[in-house]
file query.pdb (PDB, C-alpha atoms)
ATOM      1  CA  MET K  10      94.425 113.419 124.333
ATOM      2  CA  GLU K  11      98.045 114.477 124.133
ATOM      3  CA  GLU K  12     100.555 112.816 121.868
ATOM      4  CA  LYS K  13     104.120 112.609 123.076
ATOM      5  CA  PRO K  14     107.013 112.799 120.623
ATOM      6  CA  ARG K  15     107.747 109.422 119.101
ATOM      7  CA  ARG K  16     110.791 107.702 120.530
ATOM      8  CA  HIS K  17     113.029 106.067 117.985
ATOM      9  CA  GLY K  18     112.502 102.720 119.617
ATOM     10  CA  HIS K  19     109.035 102.645 118.131
ATOM     11  CA  GLY K  20     110.029 101.380 114.722
ATOM     12  CA  GLN K  21     109.936 104.683 112.909
ATOM     13  CA  LEU K  22     112.830 104.949 110.466
ATOM     14  CA  ARG K  23     113.166 108.006 108.269
ATOM     15  CA  CYS K  24     115.810 109.039 105.801
ATOM     16  CA  GLY K  25     115.729 112.774 106.353
ATOM     17  CA  LYS K  26     115.909 115.563 108.911
ATOM     18  CA  ARG K  27     115.265 119.123 107.983
ATOM     19  CA  HIS K  28     117.882 120.977 109.976
ATOM     20  CA  GLY K  29     121.618 121.312 109.593
ATOM     21  CA  GLY K  30     123.711 121.183 106.463
ATOM     22  CA  GLY K  31     123.424 119.132 103.321
ATOM     23  CA  ARG K  32     126.637 117.117 103.785
ATOM     24  CA  GLN K  33     125.939 113.425 103.248
ATOM     25  CA  HIS K  34     127.122 111.277 106.133
ATOM     26  CA  GLY K  35     124.289 108.892 106.916
ATOM     27  CA  ARG K  36     122.334 108.408 110.099
ATOM     28  CA  VAL K  37     122.420 106.029 113.063
ATOM     29  CA  GLY K  38     119.196 105.167 114.871
ATOM     30  CA  VAL K  39     119.774 103.815 118.377
ATOM     31  CA  VAL K  40     117.205 101.400 119.822
ATOM     32  CA  LEU K  41     115.852 102.682 123.144
ATOM     33  CA  VAL K  42     112.851 100.417 123.700
ATOM     34  CA  ALA K  43     113.568  96.685 123.824
ATOM     35  CA  ASP K  44     109.958  95.703 123.172
ATOM     36  CA  ASN K  45     110.076  97.246 119.696
ATOM     37  CA  MET K  46     113.328  95.753 118.407
ATOM     38  CA  GLY K  47     111.369  93.293 116.295
ATOM     39  CA  GLU K  48     109.540  96.128 114.546
ATOM     40  CA  TRP K  49     112.821  97.916 113.834
ATOM     41  CA  GLU K  50     114.303  94.744 112.367
ATOM     42  CA  GLU K  51     111.224  94.245 110.184
ATOM     43  CA  ASN K  52     111.551  97.801 108.868
ATOM     44  CA  ALA K  53     115.209  97.201 108.067
ATOM     45  CA  LYS K  54     114.414  94.020 106.135
ATOM     46  CA  ASN K  55     111.697  95.729 104.100
ATOM     47  CA  CYS K  56     113.452  99.034 103.433
ATOM     48  CA  LEU K  57     113.418 100.635 100.005
ATOM     49  CA  ALA K  58     116.375  99.913  97.768
ATOM     50  CA  ASN K  59     117.275 103.622  97.637
ATOM     51  CA  CYS K  60     117.017 103.999 101.432
ATOM     52  CA  LYS K  61     119.200 101.179 102.671
ATOM     53  CA  ILE K  62     119.030 100.311 106.382
ATOM     54  CA  GLU K  63     121.729  98.179 108.000
ATOM     55  CA  ILE K  64     121.480  96.457 111.371
ATOM     56  CA  ILE K  65     124.688  97.080 113.324
ATOM     57  CA  ASP K  66     126.060  96.260 116.791
ATOM     58  CA  LYS K  67     127.961  98.436 119.259
ATOM     59  CA  ASN K  68     131.389  97.717 117.730
ATOM     60  CA  ALA K  69     130.242  98.809 114.277
ATOM     61  CA  ALA K  70     128.465 101.861 115.699
ATOM     62  CA  GLU K  71     131.561 102.986 117.618
ATOM     63  CA  LYS K  72     133.567 102.964 114.401
ATOM     64  CA  LEU K  73     131.096 105.525 113.097
ATOM     65  CA  VAL K  74     130.711 107.514 116.338
ATOM     66  CA  PRO K  75     133.313 106.806 119.053
ATOM     67  CA  HIS K  76     131.848 106.371 122.577
ATOM     68  CA  ILE K  77     128.250 106.185 121.350
ATOM     69  CA  HIS K  78     126.050 104.592 124.009
ATOM     70  CA  MET K  79     123.731 101.762 122.973
ATOM     71  CA  PRO K  80     121.488 100.326 125.730
ATOM     72  CA  PHE K  81     120.627  97.161 123.780
ATOM     73  CA  ASN K  82     123.724  96.687 121.605
ATOM     74  CA  LEU K  83     121.600  97.297 118.528
ATOM     75  CA  ALA K  84     121.346 100.196 116.117
ATOM     76  CA  PHE K  85     120.258 100.876 112.578
ATOM     77  CA  TYR K  86     122.549 102.615 110.126
ATOM     78  CA  MET K  87     121.197 104.464 107.079
ATOM     79  CA  PRO K  88     124.360 105.230 105.069
ATOM     80  CA  GLU K  89     122.587 107.259 102.381
ATOM     81  CA  ALA K  90     120.474 109.413 104.711
ATOM     82  CA  ILE K  91     121.151 113.143 104.558
ATOM     83  CA  ASN K  92     120.331 116.332 106.420
ATOM     84  CA  VAL K  93     118.238 118.741 104.369
ATOM     85  CA  ASN K  94     118.270 122.518 104.693
ATOM     86  CA  SER K  95     114.601 123.399 104.137
ATOM     87  CA  LYS K  96     115.219 126.826 102.634
ATOM     88  CA  TYR K  97     117.769 125.599 100.102
ATOM     89  CA  TYR K  98     115.599 122.599  99.271
ATOM     90  CA  LEU K  99     112.491 124.679  98.620
ATOM     91  CA  ASN K 100     114.436 127.085  96.424
ATOM     92  CA  ALA K 101     115.787 124.151  94.415
ATOM     93  CA  LEU K 102     112.310 122.619  94.194
ATOM     94  CA  PHE K 103     110.871 125.827  92.751
ATOM     95  CA  LEU K 104     113.763 126.043  90.285
ATOM     96  CA  ALA K 105     113.016 122.463  89.199
ATOM     97  CA  CYS K 106     109.378 123.438  88.601
ATOM     98  CA  GLN K 107     110.484 126.401  86.494
ATOM     99  CA  ASN K 108     112.716 124.127  84.414
ATOM    100  CA  ILE K 109     109.841 121.707  83.799
ATOM    101  CA  VAL K 110     107.629 124.585  82.638
ATOM    102  CA  LYS K 111     110.343 125.683  80.187
ATOM    103  CA  GLU K 112     110.671 122.150  78.835
ATOM    104  CA  LEU K 113     106.907 121.807  78.375
ATOM    105  CA  SER K 114     106.672 125.213  76.690
ATOM    106  CA  ALA K 115     109.309 124.151  74.177
ATOM    107  CA  SER K 116     107.422 120.945  73.377
ATOM    108  CA  SER K 117     104.108 120.298  71.703
ATOM    109  CA  PHE K 118     102.183 121.084  74.896
ATOM    110  CA  GLY K 119     102.167 124.808  74.150
ATOM    111  CA  LYS K 120     103.306 127.720  76.293
ATOM    112  CA  LYS K 121     103.016 127.247  80.057
ATOM    113  CA  ASN K 122     103.447 129.802  82.830
ATOM    114  CA  LEU K 123     104.564 129.477  86.433
ATOM    115  CA  CYS K 124     104.332 132.596  88.590
ATOM    116  CA  LEU K 125     105.355 133.192  92.190
ATOM    117  CA  GLN K 126     103.290 135.978  93.731
ATOM    118  CA  LYS K 127     103.988 137.231  97.239
ATOM    119  CA  LYS K 128     101.136 139.050  98.921
ATOM    120  CA  SER K 129      99.233 138.993 102.193
ATOM    121  CA  VAL K 130      95.851 137.272 102.157
ATOM    122  CA  TYR K 131      93.636 137.720 105.199
ATOM    123  CA  GLU K 132      90.477 136.024 103.926
ATOM    124  CA  LEU K 133      89.899 133.380 101.287
ATOM    125  CA  ARG K 134      87.144 135.495  99.747
ATOM    126  CA  GLU K 135      89.884 137.850  98.517
ATOM    127  CA  LEU K 136      90.825 135.166  95.984
ATOM    128  CA  GLU K 137      87.303 134.658  94.605
ATOM    129  CA  GLY K 138      87.088 135.206  90.848
ATOM    130  CA  GLU K 139      90.864 135.313  90.447
ATOM    131  CA  TYR K 140      91.600 131.567  90.340
ATOM    132  CA  ASP K 141      89.874 128.334  89.349
ATOM    133  CA  ALA K 142      91.409 126.515  92.322
ATOM    134  CA  VAL K 143      93.275 127.438  95.499
ATOM    135  CA  ILE K 144      95.300 124.986  97.597
ATOM    136  CA  ILE K 145      95.662 126.073 101.226
ATOM    137  CA  CYS K 146      99.099 125.092 102.577
ATOM    138  CA  LEU K 147      99.492 127.246 105.662
ATOM    139  CA  GLY K 148     100.586 124.642 108.181
ATOM    140  CA  ALA K 149      99.861 125.677 111.761
ATOM    141  CA  LYS K 150      98.339 128.974 110.577
ATOM    142  CA  ALA K 151      95.651 127.443 108.366
ATOM    143  CA  ASP K 152      92.947 127.889 110.991
ATOM    144  CA  LEU K 153      93.812 131.575 111.370
ATOM    145  CA  LEU K 154      91.881 132.172 108.162
ATOM    146  CA  PRO K 155      88.447 133.322 109.382
ATOM    147  CA  GLU K 156      86.647 130.894 107.071
ATOM    148  CA  LEU K 157      88.497 127.924 108.626
ATOM    149  CA  ALA K 158      88.709 129.110 112.245
ATOM    150  CA  GLY K 159      87.572 126.343 114.579
ATOM    151  CA  LYS K 160      86.863 123.966 111.689
ATOM    152  CA  LEU K 161      90.178 122.106 111.375
ATOM    153  CA  PRO K 162      91.146 119.306 113.821
ATOM    154  CA  LEU K 163      94.731 120.530 114.119
ATOM    155  CA  ARG K 164      96.718 120.198 117.341
ATOM    156  CA  ILE K 165      99.288 122.971 117.487
ATOM    157  CA  CYS K 166     102.672 122.347 119.072
ATOM    158  CA  ARG K 167     105.769 124.560 119.353
ATOM    159  CA  GLY K 168     109.207 123.013 119.050
ATOM    160  CA  VAL K 169     112.649 124.431 119.849
ATOM    161  CA  ILE K 170     115.845 123.333 118.086
ATOM    162  CA  LEU K 171     119.264 124.070 119.558
ATOM    163  CA  HIS K 172     122.567 124.810 117.839
ATOM    164  CA  LEU K 173     125.758 123.705 119.607
ATOM    165  CA  GLN K 174     129.403 124.236 118.747
ATOM    166  CA  LEU K 175     132.528 122.594 120.110
ATOM    167  CA  PRO K 176     134.942 125.235 121.489
ATOM    168  CA  ASP K 177     138.519 125.241 120.212
ATOM    169  CA  LYS K 178     140.899 122.900 122.043
ATOM    170  CA  ILE K 179     138.069 121.460 124.126
ATOM    171  CA  GLY K 180     136.662 117.964 123.817
ATOM    172  CA  GLU K 181     136.912 115.587 120.887
ATOM    173  CA  ASP K 182     135.947 116.584 117.360
ATOM    174  CA  TYR K 183     133.011 114.769 115.849
ATOM    175  CA  PRO K 184     134.474 112.298 113.329
ATOM    176  CA  ASP K 185     134.850 113.301 109.676
ATOM    177  CA  HIS K 186     131.754 112.187 107.760
ATOM    178  CA  GLY K 187     130.281 110.863 111.014
ATOM    179  CA  PRO K 188     126.549 110.137 110.864
ATOM    180  CA  SER K 189     123.761 112.087 112.464
ATOM    181  CA  ILE K 190     121.939 110.335 115.308
ATOM    182  CA  LEU K 191     118.305 109.443 115.965
ATOM    183  CA  SER K 192     117.380 108.776 119.578
ATOM    184  CA  ASP K 193     115.143 110.327 122.223
ATOM    185  CA  ALA K 194     116.662 113.553 120.898
ATOM    186  CA  TRP K 195     117.942 113.769 117.314
ATOM    187  CA  LEU K 196     121.347 115.202 116.384
ATOM    188  CA  ALA K 197     121.922 116.678 112.925
ATOM    189  CA  ILE K 198     125.663 116.971 112.402
ATOM    190  CA  LYS K 199     127.096 119.897 110.454
ATOM    191  CA  GLY K 200     130.843 119.431 110.400
ATOM    192  CA  ASN K 201     133.272 118.349 113.103
ATOM    193  CA  ARG K 202     132.382 121.093 115.558
ATOM    194  CA  SER K 203     128.798 122.132 114.801
ATOM    195  CA  LEU K 204     125.484 120.348 115.277
ATOM    196  CA  TYR K 205     121.771 120.960 115.699
ATOM    197  CA  PHE K 206     119.591 118.921 118.001
ATOM    198  CA  GLY K 207     116.006 118.804 119.169
ATOM    199  CA  SER K 208     113.242 118.997 119.679
ATOM    200  CA  THR K 209     110.887 120.148 122.407
ATOM    201  CA  TRP K 210     107.105 119.749 122.348
ATOM    202  CA  GLU K 211     105.033 122.601 123.805
ATOM    203  CA  TRP K 212     101.419 121.715 123.172
ATOM    204  CA  LYS K 213      98.747 124.345 122.497
ATOM    205  CA  SER K 214     101.341 127.087 122.069
ATOM    206  CA  ARG K 215     100.438 129.684 119.445
ATOM    207  CA  ASN K 216     103.832 131.370 119.536
ATOM    208  CA  SER K 217     104.884 131.222 115.883
ATOM    209  CA  SER K 218     108.018 133.318 116.280
ATOM    210  CA  SER K 219     111.222 131.620 115.191
ATOM    211  CA  ASN K 220     113.055 133.647 117.820
ATOM    212  CA  VAL K 221     113.758 131.944 121.139
ATOM    213  CA  SER K 222     114.108 133.850 124.400
ATOM    214  CA  THR K 223     116.966 133.211 126.801
ATOM    215  CA  ASP K 224     114.635 131.488 129.247
ATOM    216  CA  GLU K 225     113.032 129.307 126.567
ATOM    217  CA  ALA K 226     116.442 128.289 125.230
ATOM    218  CA  SER K 227     117.655 127.466 128.743
ATOM    219  CA  ASP K 228     114.585 125.313 129.405
ATOM    220  CA  ALA K 229     115.049 123.512 126.087
ATOM    221  CA  LEU K 230     118.710 122.837 126.848
ATOM    222  CA  GLN K 231     117.842 121.411 130.267
ATOM    223  CA  GLU K 232     115.229 119.146 128.696
ATOM    224  CA  LEU K 233     117.153 117.959 125.647
ATOM    225  CA  LEU K 234     120.757 117.705 126.811
ATOM    226  CA  PRO K 235     120.178 114.693 129.120
ATOM    227  CA  LYS K 236     118.433 112.863 126.273
ATOM    228  CA  ALA K 237     121.241 113.590 123.823
ATOM    229  CA  SER K 238     124.072 112.838 126.252
ATOM    230  CA  ALA K 239     122.502 109.478 127.108
ATOM    231  CA  ILE K 240     123.416 108.390 123.569
ATOM    232  CA  TYR K 241     126.330 110.688 122.744
ATOM    233  CA  PRO K 242     128.084 111.581 126.036
ATOM    234  CA  GLY K 243     130.597 113.822 124.260
ATOM    235  CA  ILE K 244     127.930 116.447 123.672
ATOM    236  CA  THR K 245     128.402 117.722 127.237
ATOM    237  CA  SER K 246     131.631 119.392 126.045
ATOM    238  CA  TRP K 247     129.797 121.407 123.422
ATOM    239  CA  SER K 248     128.590 124.976 123.963
ATOM    240  CA  PHE K 249     125.272 126.635 123.221
ATOM    241  CA  ALA K 250     125.422 128.713 120.014
ATOM    242  CA  GLY K 251     121.790 129.559 119.289
ATOM    243  CA  ALA K 252     118.212 128.346 119.051
ATOM    244  CA  ARG K 253     115.297 128.509 116.641
ATOM    245  CA  ALA K 254     111.674 127.491 116.978
ATOM    246  CA  GLY K 255     108.544 126.846 114.968
ATOM    247  CA  LEU K 256     105.013 125.475 115.141
ATOM    248  CA  ARG K 257     103.936 121.985 114.158
ATOM    249  CA  ALA K 258     100.455 121.425 112.732
ATOM    250  CA  MET K 259      99.741 118.010 114.205
ATOM    251  CA  PRO K 260      96.797 116.094 112.721
ATOM    252  CA  PRO K 261      94.283 114.293 114.929
ATOM    253  CA  LEU K 262      94.885 110.845 116.370
ATOM    254  CA  THR K 263      92.934 108.193 114.456
ATOM    255  CA  PRO K 264      92.824 104.378 114.386
ATOM    256  CA  HIS K 265      95.138 104.633 111.354
ATOM    257  CA  GLY K 266      97.639 106.891 113.132
ATOM    258  CA  SER K 267      98.214 110.639 112.805
ATOM    259  CA  LEU K 268      97.501 111.258 109.135
ATOM    260  CA  PRO K 269      97.634 114.519 107.140
ATOM    261  CA  LEU K 270      94.477 116.428 106.190
ATOM    262  CA  LEU K 271      93.632 116.625 102.495
ATOM    263  CA  GLY K 272      90.611 117.333 100.354
ATOM    264  CA  CYS K 273      88.250 119.935  98.969
ATOM    265  CA  VAL K 274      86.880 122.216 101.690
ATOM    266  CA  ASN K 275      84.100 124.011  99.794
ATOM    267  CA  ASN K 276      81.514 122.085 101.813
ATOM    268  CA  ILE K 277      83.034 123.614 104.953
ATOM    269  CA  LEU K 278      83.364 127.128 103.527
ATOM    270  CA  GLY K 279      79.936 127.402 101.908
ATOM    271  CA  ASN K 280      78.103 126.625  98.703
ATOM    272  CA  ASP K 281      78.184 130.043  97.025
ATOM    273  CA  LEU K 282      81.821 129.829  95.939
ATOM    274  CA  LYS K 283      82.977 129.920  92.330
ATOM    275  CA  CYS K 284      86.505 128.816  93.169
ATOM    276  CA  LYS K 285      87.442 125.314  94.358
ATOM    277  CA  TYR K 286      89.373 125.408  97.636
ATOM    278  CA  TRP K 287      91.570 122.504  98.702
ATOM    279  CA  LEU K 288      93.516 121.829 101.895
ATOM    280  CA  LEU K 289      96.910 120.190 102.238
ATOM    281  CA  GLY K 290      97.852 120.357 105.903
ATOM    282  CA  GLY K 291      98.406 118.619 109.197
ATOM    283  CA  LEU K 292     101.769 117.220 108.108
ATOM    284  CA  GLY K 293     102.933 117.222 111.728
ATOM    285  CA  SER K 294     106.581 118.183 111.018
ATOM    286  CA  ARG K 295     106.778 115.345 108.493
ATOM    287  CA  GLY K 296     106.534 117.459 105.379
ATOM    288  CA  LEU K 297     109.820 116.146 104.027
ATOM    289  CA  LEU K 298     108.411 112.630 104.206
ATOM    290  CA  TYR K 299     104.971 113.420 102.785
ATOM    291  CA  HIS K 300     105.264 116.374 100.433
ATOM    292  CA  GLY K 301     106.086 114.634  97.151
ATOM    293  CA  TRP K 302     103.341 112.032  97.383
ATOM    294  CA  LEU K 303     100.665 114.320  98.845
ATOM    295  CA  GLY K 304     101.517 117.111  96.429
ATOM    296  CA  LYS K 305     101.027 114.758  93.494
ATOM    297  CA  LEU K 306      97.745 113.414  94.916
ATOM    298  CA  THR K 307      96.404 116.916  95.485
ATOM    299  CA  ALA K 308      97.448 118.143  92.033
ATOM    300  CA  GLU K 309      95.740 115.182  90.361
ATOM    301  CA  ALA K 310      92.579 115.734  92.405
ATOM    302  CA  VAL K 311      92.523 119.471  91.611
ATOM    303  CA  LEU K 312      93.082 119.032  87.871
ATOM    304  CA  SER K 313      90.430 116.335  87.586
ATOM    305  CA  CYS K 314      88.043 117.954  90.110
ATOM    306  CA  ASN K 315      87.831 114.526  91.687
ATOM    307  CA  GLU K 316      88.454 114.177  95.414
ATOM    308  CA  GLN K 317      88.001 110.398  95.157
ATOM    309  CA  ILE K 318      91.591 110.161  93.888
ATOM    310  CA  ILE K 319      92.728 110.895  97.444
ATOM    311  CA  PRO K 320      92.691 107.923  99.874
ATOM    312  CA  SER K 321      89.664 108.138 102.175
ATOM    313  CA  GLU K 322      91.909 107.959 105.256
ATOM    314  CA  LEU K 323      93.230 111.425 104.331
ATOM    315  CA  THR K 324      89.803 113.007 103.767
ATOM    316  CA  SER K 325      87.797 111.355 106.565
ATOM    317  CA  TRP K 326      88.596 114.289 108.886
ATOM    318  CA  LYS K 327      85.875 116.232 107.075
ATOM    319  CA  ASN K 328      83.193 113.987 108.538
ATOM    320  CA  LYS K 329      81.227 116.033 111.038
ATOM    321  CA  ASP K 330      82.053 113.708 113.961
ATOM    322  CA  SER K 331      85.809 114.064 113.427
ATOM    323  CA  ARG K 332      85.905 117.888 113.284
ATOM    324  CA  PRO K 333      86.349 120.044 116.405
TER     325      PRO K 333
END
call {"tool": "encode", "arguments": {"input": "query.pdb", "output": "structure tokens"}}
result
Amino acid sequence: MEEKPRRHGHGQLRCGKRHGGGRQHGRVGVVLVADNMGEWEENAKNCLANCKIEIIDKNAAEKLVPHIHMPFNLAFYMPEAINVNSKYYLNALFLACQNIVKELSASSFGKKNLCLQKKSVYELRELEGEYDAVIICLGAKADLLPELAGKLPLRICRGVILHLQLPDKIGEDYPDHGPSILSDAWLAIKGNRSLYFGSTWEWKSRNSSSNVSTDEASDALQELLPKASAIYPGITSWSFAGARAGLRAMPPLTPHGSLPLLGCVNNILGNDLKCKYWLLGGLGSRGLLYHGWLGKLTAEAVLSCNEQIIPSELTSWKNKDSRP
């Protein structure tokens, strides 16, 4: 069964995209599917206090983004949403971890160490005897480890993201502090004359290169531009400036939705292991949404050697009938 990318008429509201700059300007989600307006409105009413969602009409939306097209005169504005640069965020996250270790070492907890080691690992057995626990976080490449090959129910999908710029003296600048846009294609705004938008879905692709060929970029532009221009017509004046790509590790479809894969995998790897191996994967390009919660769950499970801490919906993939 193939899963198509979720349209933002399906009630899915998120407060982050991973591409573009870090300038805060909010986000507008345009309703595309009339049948799901009720679900959108319910999400807006029950939003978190620190992720405010406002229901707005066309007039209010056009004050944010002139000439924005709204098929059903209804949109959702998240004024505090931001674009996150993954590389900068991860660097800051590691720095925060280092600072916590320093604070703990200076307290009554005793000296703590946090080390970042960069080395190539081709088989999990290489780590035997060196660590008490190993957490496998390899995304779409997790099943390239020989011990996990063919044992993870991941559905691999390549996605291309395009970078556009507005040429000098052509078209209308994107408004200062104008919001990014969620629609059939998403637009992450980075200044008045630069934006990123995406994304394509190429199922079963194993091409993990971030580089995009001329033909692949052209195909992506032909696919995505009509979707983007249907909401923001002004994008047709913008010019292609580059493209990047990556692989998504999509989890399996279940009655509960597409949920990440967590848990101890020693029962899959074998019983003669001294080290405890854990998996945190199948985030399906939603790592920004999941990572804090799932990271905490996994850490607690690892430290207590208790997989029961993790909700059963996230470990049920290990049942024999649910594996490939």
call {"tool": "atom_distance", "arguments": {"input": "query.pdb", "atom1": "CA of Tyr183 in chain K", "atom2": "CA of Ala239 in chain K"}}
result
16.3 Å
call {"tool": "closest_atom_pairs", "arguments": {"input": "query.pdb", "of": "range 206-271 of chain K", "to": "range 73-79 of chain K", "cutoff": "8 Å", "atoms": "only C-alpha atoms", "output": "Markdown table"}}
result
| residue | atom | partner | partner_atom | distance |
| --- | --- | --- | --- | --- |
| K:Ala239 | CA | K:His78 | CA | 6.8 |
| K:Ile240 | CA | K:His78 | CA | 4.6 |
| K:Tyr241 | CA | K:Ile77 | CA | 5.1 |
| K:Pro242 | CA | K:Ile77 | CA | 7.1 |
| K:Gly243 | CA | K:His76 | CA | 7.7 |
call {"tool": "closest_residue", "arguments": {"input": "query.pdb", "among": "K:Ile319, K:Ser208, K:Ala53, K:Glu137", "to": "Leu282 in chain K", "atoms": "only C-alpha atoms"}}
result
K:Glu137
call {"tool": "residues_around", "arguments": {"input": "query.pdb", "residues": "range 270-277 of chain K", "least_positions_apart": "2", "cutoff": "10 Å", "atoms": "all atoms listed in the file", "output": "ChimeraX atom specification"}}
result
/K:142-145,156-157,160-163,259-261,267-268,279-292,303-304,306-307,310-311,314-327,329
call {"tool": "closest_residue", "arguments": {"input": "query.pdb", "among": "K:Phe85, K:Trp49, K:Phe103, K:Trp195", "to": "Asp66 in chain K", "atoms": "all atoms listed in the file"}}
result
K:Phe85
call {"tool": "resolve_selection", "arguments": {"input": "query.pdb", "expression": "the PyMOL selection byres ((chain K and resi 197-207) around 9)", "output": "MDAnalysis selection string"}}
result
chainID K and resid 26:32 34 36 92 168:177 181:191 194:196 208:209 229 233:234 237 247 252
call {"tool": "atom_distance", "arguments": {"input": "query.pdb", "atom1": "CA of Cys146 in chain K", "atom2": "CA of Leu113 in chain K"}}
result
25.6 Å
call {"tool": "residues_around", "arguments": {"input": "query.pdb", "residues": "Lys54 in chain K", "least_positions_apart": "4", "cutoff": "12 Å", "atoms": "only C-alpha atoms", "output": "PDB file with C-alpha atoms, in the coordinates of the input"}}
result
ATOM      1  CA  LEU K  22     112.830 104.949 110.466  1.00  0.00           C
ATOM      2  CA  GLY K  47     111.369  93.293 116.295  1.00  0.00           C
ATOM      3  CA  GLU K  48     109.540  96.128 114.546  1.00  0.00           C
ATOM      4  CA  TRP K  49     112.821  97.916 113.834  1.00  0.00           C
ATOM      5  CA  GLU K  50     114.303  94.744 112.367  1.00  0.00           C
ATOM      6  CA  ALA K  58     116.375  99.913  97.768  1.00  0.00           C
ATOM      7  CA  CYS K  60     117.017 103.999 101.432  1.00  0.00           C
ATOM      8  CA  LYS K  61     119.200 101.179 102.671  1.00  0.00           C
ATOM      9  CA  ILE K  62     119.030 100.311 106.382  1.00  0.00           C
ATOM     10  CA  GLU K  63     121.729  98.179 108.000  1.00  0.00           C
ATOM     11  CA  ILE K  64     121.480  96.457 111.371  1.00  0.00           C
ATOM     12  CA  PHE K  85     120.258 100.876 112.578  1.00  0.00           C
TER      13      PHE K  85
END
call {"tool": "atom_distance", "arguments": {"input": "query.pdb", "atom1": "CA of Trp212 in chain K", "atom2": "CA of Ile165 in chain K"}}
result
6.2 Å
call {"tool": "resolve_selection", "arguments": {"input": "query.pdb", "expression": "the PyMOL selection byres ((chain K and resi 216) around 9)", "output": "PyMOL selection string"}}
result
chain K and resi 167+214-215+217-219+255-256
call {"tool": "closest_residue", "arguments": {"input": "query.pdb", "among": "K:Tyr86, K:Trp210, K:Tyr140, K:Phe81", "to": "Ala254 in chain K", "atoms": "only C-alpha atoms"}}
result
K:Trp210
call {"tool": "closest_residue", "arguments": {"input": "query.pdb", "among": "K:Val40, K:Gly138, K:Asp224, K:Gly35", "to": "Asp193 in chain K", "atoms": "only C-alpha atoms"}}
result
K:Val40
call {"tool": "closest_residue", "arguments": {"input": "query.pdb", "among": "K:Gln126, K:His265, K:Phe118, K:Ala258", "to": "Ala151 in chain K", "atoms": "all atoms listed in the file"}}
result
K:Ala258
call {"tool": "closest_residue", "arguments": {"input": "query.pdb", "among": "K:Ser95, K:Gln107, K:Ser238, K:Asn82", "to": "Val39 in chain K", "atoms": "all atoms listed in the file"}}
result
K:Asn82
call {"tool": "residues_around", "arguments": {"input": "query.pdb", "residues": "Cys106 in chain K", "least_positions_apart": "4", "cutoff": "12 Å", "atoms": "all atoms listed in the file", "output": "MDAnalysis selection string"}}
result
chainID K and resid 99:102 110:113 121:125
